[in-house]
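Worksheet: the structure to be examined is printed underneath.
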Amino acid sequence: MNSLKSYIQDVPNFPKEGIHFKDITSLLQSPEGVAECLELLLSQLLTKKVDKVVAIEARGFFFGMLLAQALKVPFIPVRKSGKLPRKVVSQSYDLEYGSDVLEMHKDAIQKGDKVLIHDDVLATGGTAEAVCKMIESAGGQIVQCNFIMKIDFLQGVKKIAAHPVFAAVSY
Ligand code: AMP
């Protein structure tokens, strides 16, 4: 058992009634917590070759960038539609109500790139699934999807079961 949960705060009914928001800003305020989390995520990659780290807006960027820097590989941001300035590839995905679109620069992934996908939370898995599809459509190979935490009852792992999944903590 690691001590990461002590840095993550559960905020009931945010951003709306019935959602228990997992707040990582308290983790980010702790250099010890950040080091522990980064070390845990890296420990699962020792035998894997990673060419690029792809991280998901916005809370995926914090550790996504740290992972890319530690692995000495490029960092690639996936953003909500309309935020990236050059030519993009897009992937839509379903939300509870309606749908949304994620985008990545078209030249970010080359055929055969071995890609690590990172986000802060794996909940229903819809977001991570969309990013997996986007990477594979661009010709990339997914080495692992990793997360600071996963929320097990939402069964997000099922949506990305074709790929190795690691979460530093599970709820
Ligand atoms: P999902 O597509 O349902 O797996 O949701 C994952 C995305 O939504 C991630 O980018 C998270 O940042 C965010 N998210 C979902 N549920 C939570 C939660 N309970 N607390 C914090 N962030 C969440």
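Letters A, B, ... mark the chains of the structure tokens in the order given; residue numbers begin at 1 per chain; ligand numbers begin at 1, in order shown.
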
Which chain A residues have any atom within 8 Å of an atom of ligand 1, and for each, what is the nearest pair of atoms with distance in Å to one decimal, counting only C-alpha atoms and all ligand atoms, rows sorted by chain and number, as JSON lines?
{"residue": "A:Ile19", "atom": "CA", "partner": "ligand 1", "partner_atom_place_in_ligand_line": "19 (N)", "distance": 6.1}
{"residue": "A:His20", "atom": "CA", "partner": "ligand 1", "partner_atom_place_in_ligand_line": "19 (N)", "distance": 5.0}
{"residue": "A:Phe21", "atom": "CA", "partner": "ligand 1", "partner_atom_place_in_ligand_line": "20 (N)", "distance": 3.6}
{"residue": "A:Lys22", "atom": "CA", "partner": "ligand 1", "partner_atom_place_in_ligand_line": "20 (N)", "distance": 3.8}
{"residue": "A:Asp23", "atom": "CA", "partner": "ligand 1", "partner_atom_place_in_ligand_line": "21 (C)", "distance": 6.2}
{"residue": "A:Ile56", "atom": "CA", "partner": "ligand 1", "partner_atom_place_in_ligand_line": "10 (O)", "distance": 6.3}
{"residue": "A:Glu57", "atom": "CA", "partner": "ligand 1", "partner_atom_place_in_ligand_line": "10 (O)", "distance": 6.7}
{"residue": "A:Ala58", "atom": "CA", "partner": "ligand 1", "partner_atom_place_in_ligand_line": "10 (O)", "distance": 7.1}
{"residue": "A:Arg59", "atom": "CA", "partner": "ligand 1", "partner_atom_place_in_ligand_line": "12 (O)", "distance": 5.7}
{"residue": "A:Gly60", "atom": "CA", "partner": "ligand 1", "partner_atom_place_in_ligand_line": "10 (O)", "distance": 6.7}
{"residue": "A:Leu95", "atom": "CA", "partner": "ligand 1", "partner_atom_place_in_ligand_line": "2 (O)", "distance": 7.6}
{"residue": "A:Asp119", "atom": "CA", "partner": "ligand 1", "partner_atom_place_in_ligand_line": "10 (O)", "distance": 5.9}
{"residue": "A:Asp120", "atom": "CA", "partner": "ligand 1", "partner_atom_place_in_ligand_line": "12 (O)", "distance": 5.5}
{"residue": "A:Val121", "atom": "CA", "partner": "ligand 1", "partner_atom_place_in_ligand_line": "11 (C)", "distance": 4.5}
{"residue": "A:Leu122", "atom": "CA", "partner": "ligand 1", "partner_atom_place_in_ligand_line": "4 (O)", "distance": 4.3}
{"residue": "A:Ala123", "atom": "CA", "partner": "ligand 1", "partner_atom_place_in_ligand_line": "4 (O)", "distance": 3.4}
{"residue": "A:Thr124", "atom": "CA", "partner": "ligand 1", "partner_atom_place_in_ligand_line": "3 (O)", "distance": 3.5}
{"residue": "A:Gly125", "atom": "CA", "partner": "ligand 1", "partner_atom_place_in_ligand_line": "4 (O)", "distance": 3.5}
{"residue": "A:Gly126", "atom": "CA", "partner": "ligand 1", "partner_atom_place_in_ligand_line": "2 (O)", "distance": 3.9}
{"residue": "A:Thr127", "atom": "CA", "partner": "ligand 1", "partner_atom_place_in_ligand_line": "2 (O)", "distance": 3.7}
{"residue": "A:Ala128", "atom": "CA", "partner": "ligand 1", "partner_atom_place_in_ligand_line": "2 (O)", "distance": 6.2}
{"residue": "A:Glu129", "atom": "CA", "partner": "ligand 1", "partner_atom_place_in_ligand_line": "2 (O)", "distance": 7.8}
{"residue": "A:Ile151", "atom": "CA", "partner": "ligand 1", "partner_atom_place_in_ligand_line": "19 (N)", "distance": 7.5}
{"residue": "A:Leu154", "atom": "CA", "partner": "ligand 1", "partner_atom_place_in_ligand_line": "3 (O)", "distance": 7.8}
{"residue": "A:Gly156", "atom": "CA", "partner": "ligand 1", "partner_atom_place_in_ligand_line": "4 (O)", "distance": 5.9}

Legend entry - Contacts of Val50 of chain A at 7 Å (only C-alpha atoms; same-chain gap of 2+ positions) as a list in words: Lys48, Lys52, Lys114, Val115, Leu116 and Val143 of chain A

Could you please take those selected residues and save C-alpha atoms as a PDB file, in the first residue's frame?
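out09.pdb, written as the output of this step:
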ATOM      1  CA  LYS A  48       8.797  -0.977 -21.661  1.00  0.00           C
ATOM      2  CA  LYS A  52       6.126   9.496 -26.728  1.00  0.00           C
ATOM      3  CA  LYS A 114       5.246   3.469 -29.002  1.00  0.00           C
ATOM      4  CA  VAL A 115       2.931   5.634 -26.937  1.00  0.00           C
ATOM      5  CA  LEU A 116       2.231   5.977 -23.228  1.00  0.00           C
ATOM      6  CA  VAL A 143       2.380   0.673 -24.622  1.00  0.00           C
TER       7      VAL A 143
END

Legend entry - Near-Val169 of chain A list (8 Å; only C-alpha atoms; drop same-chain fewer than 2 positions) as a count of residues only: 8

Inset, instruction - Enumerate as a ChimeraX atom specification all residues of segment 68-171 of chain A assigned to strand (DSSP E or B) by DSSP on the backbone, naming them with the chain letters and numbers the document uses. - result: /A:75-80,88-94,99-105,114-122,141-150,165-170

Legend entry - Polymer residues at most 12 Å from Pro85 of chain A, only C-alpha atoms, same-chain spacing of 2 or more positions, as JSON, numbers by chain: {"A": [79, 80, 81, 82, 83, 87, 88, 89, 103, 104, 105, 106]}

Inset, instruction - Go through segment 3-159 of chain A and collect every residue that DSSP, computed from the backbone, puts in helix (DSSP H, G or I); the answer should be as a ChimeraX atom specification. - result: /A:4-7,25-28,31-43,60-71,126-137,152-154,156-159

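The environment of Glu39 of chain A within 10 Å, counting only C-alpha atoms and disregarding residues fewer than 4 places along the same chain, consists of Gly33, Val34, Ala35, Ser43, Gln44, Leu67, Ala70 and Ala168 of chain A.
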
Grab the residues selected above and save them as a PDB file, in the first residue's frame with C-alpha atoms.
ATOM      1  CA  GLY A  33       3.629  13.135  -2.866  1.00  0.00           C
ATOM      2  CA  VAL A  34       4.517  14.132  -6.438  1.00  0.00           C
ATOM      3  CA  ALA A  35       7.824  12.236  -6.185  1.00  0.00           C
ATOM      4  CA  SER A  43       8.197   1.687 -11.828  1.00  0.00           C
ATOM      5  CA  GLN A  44       5.658   0.089 -14.159  1.00  0.00           C
ATOM      6  CA  LEU A  67       6.730  11.357 -17.155  1.00  0.00           C
ATOM      7  CA  ALA A  70      11.811  11.511 -16.823  1.00  0.00           C
ATOM      8  CA  ALA A 168      -1.081   4.284  -8.827  1.00  0.00           C
TER       9      ALA A 168
END

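Those residues that approach Phe75 of chain A to within 8 Å, counting only C-alpha atoms, are Lys52, Val53, Val54, Ala55, Gly64, Met65, Ala68 and Gln69 of chain A; same-chain residues fewer than 6 positions away are not listed.
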
Selection export as an mmCIF file, in the first residue's frame, atoms kept: all heavy atoms:
data_model
loop_
_atom_site.group_PDB
_atom_site.id
_atom_site.type_symbol
_atom_site.label_atom_id
_atom_site.label_comp_id
_atom_site.auth_asym_id
_atom_site.auth_seq_id
_atom_site.Cartn_x
_atom_site.Cartn_y
_atom_site.Cartn_z
ATOM 1 N N LYS A 52 6.830 8.235 -26.949
ATOM 2 C CA LYS A 52 6.126 9.496 -26.728
ATOM 3 C C LYS A 52 5.116 9.353 -25.599
ATOM 4 O O LYS A 52 4.545 8.268 -25.427
ATOM 5 C CB LYS A 52 5.394 9.934 -28.012
ATOM 6 C CG LYS A 52 6.355 10.384 -29.092
ATOM 7 C CD LYS A 52 5.721 10.665 -30.421
ATOM 8 C CE LYS A 52 6.825 11.084 -31.401
ATOM 9 N NZ LYS A 52 6.334 11.232 -32.775
ATOM 10 N N VAL A 53 4.918 10.436 -24.862
ATOM 11 C CA VAL A 53 3.865 10.456 -23.842
ATOM 12 C C VAL A 53 2.751 11.368 -24.331
ATOM 13 O O VAL A 53 2.989 12.532 -24.681
ATOM 14 C CB VAL A 53 4.390 10.978 -22.484
ATOM 15 C CG1 VAL A 53 3.236 11.091 -21.480
ATOM 16 C CG2 VAL A 53 5.482 10.062 -21.930
ATOM 17 N N VAL A 54 1.538 10.820 -24.365
ATOM 18 C CA VAL A 54 0.353 11.591 -24.750
ATOM 19 C C VAL A 54 -0.480 11.791 -23.488
ATOM 20 O O VAL A 54 -0.827 10.814 -22.803
ATOM 21 C CB VAL A 54 -0.470 10.830 -25.812
ATOM 22 C CG1 VAL A 54 -1.822 11.496 -26.030
ATOM 23 C CG2 VAL A 54 0.298 10.760 -27.131
ATOM 24 N N ALA A 55 -0.806 13.033 -23.151
ATOM 25 C CA ALA A 55 -1.582 13.279 -21.934
ATOM 26 C C ALA A 55 -2.821 14.110 -22.255
ATOM 27 O O ALA A 55 -2.866 14.845 -23.240
ATOM 28 C CB ALA A 55 -0.728 13.984 -20.891
ATOM 29 N N GLY A 64 1.835 13.959 -16.906
ATOM 30 C CA GLY A 64 2.213 13.594 -18.275
ATOM 31 C C GLY A 64 3.534 14.239 -18.650
ATOM 32 O O GLY A 64 4.443 13.597 -19.189
ATOM 33 N N MET A 65 3.675 15.502 -18.330
ATOM 34 C CA MET A 65 4.911 16.236 -18.638
ATOM 35 C C MET A 65 6.084 15.695 -17.807
ATOM 36 O O MET A 65 7.202 15.543 -18.315
ATOM 37 C CB MET A 65 4.667 17.722 -18.349
ATOM 38 C CG MET A 65 5.779 18.632 -18.785
ATOM 39 S SD MET A 65 5.911 18.728 -20.575
ATOM 40 C CE MET A 65 7.674 18.763 -20.748
ATOM 41 N N ALA A 68 7.147 12.382 -19.325
ATOM 42 C CA ALA A 68 7.886 12.565 -20.578
ATOM 43 C C ALA A 68 9.318 13.026 -20.294
ATOM 44 O O ALA A 68 10.272 12.538 -20.889
ATOM 45 C CB ALA A 68 7.171 13.578 -21.469
ATOM 46 N N GLN A 69 9.447 13.935 -19.354
ATOM 47 C CA GLN A 69 10.771 14.461 -19.025
ATOM 48 C C GLN A 69 11.644 13.380 -18.387
ATOM 49 O O GLN A 69 12.816 13.240 -18.726
ATOM 50 C CB GLN A 69 10.606 15.663 -18.071
ATOM 51 C CG GLN A 69 11.870 16.448 -17.826
ATOM 52 C CD GLN A 69 12.405 17.118 -19.098
ATOM 53 O OE1 GLN A 69 11.700 17.248 -20.080
ATOM 54 N NE2 GLN A 69 13.662 17.509 -19.077
#

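Within the 7 Å cut-off around Val165 of chain A, using only C-alpha atoms and omitting residues fewer than 3 positions from it on the same chain, the listed residues are Gln144, Cys145 and Asn146 of chain A.
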
Inset, instruction - Mind giving me the straight-line distance from atom CA of Val73 of chain A to atom CA of Ile117 of chain A in Å, one decimal? - result: 12.8 Å

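With distances restricted to only C-alpha atoms, A:Phe63 is the closest residue to Leu42 of chain A from A:Pro12, A:Arg86, A:Phe63, A:Leu28.
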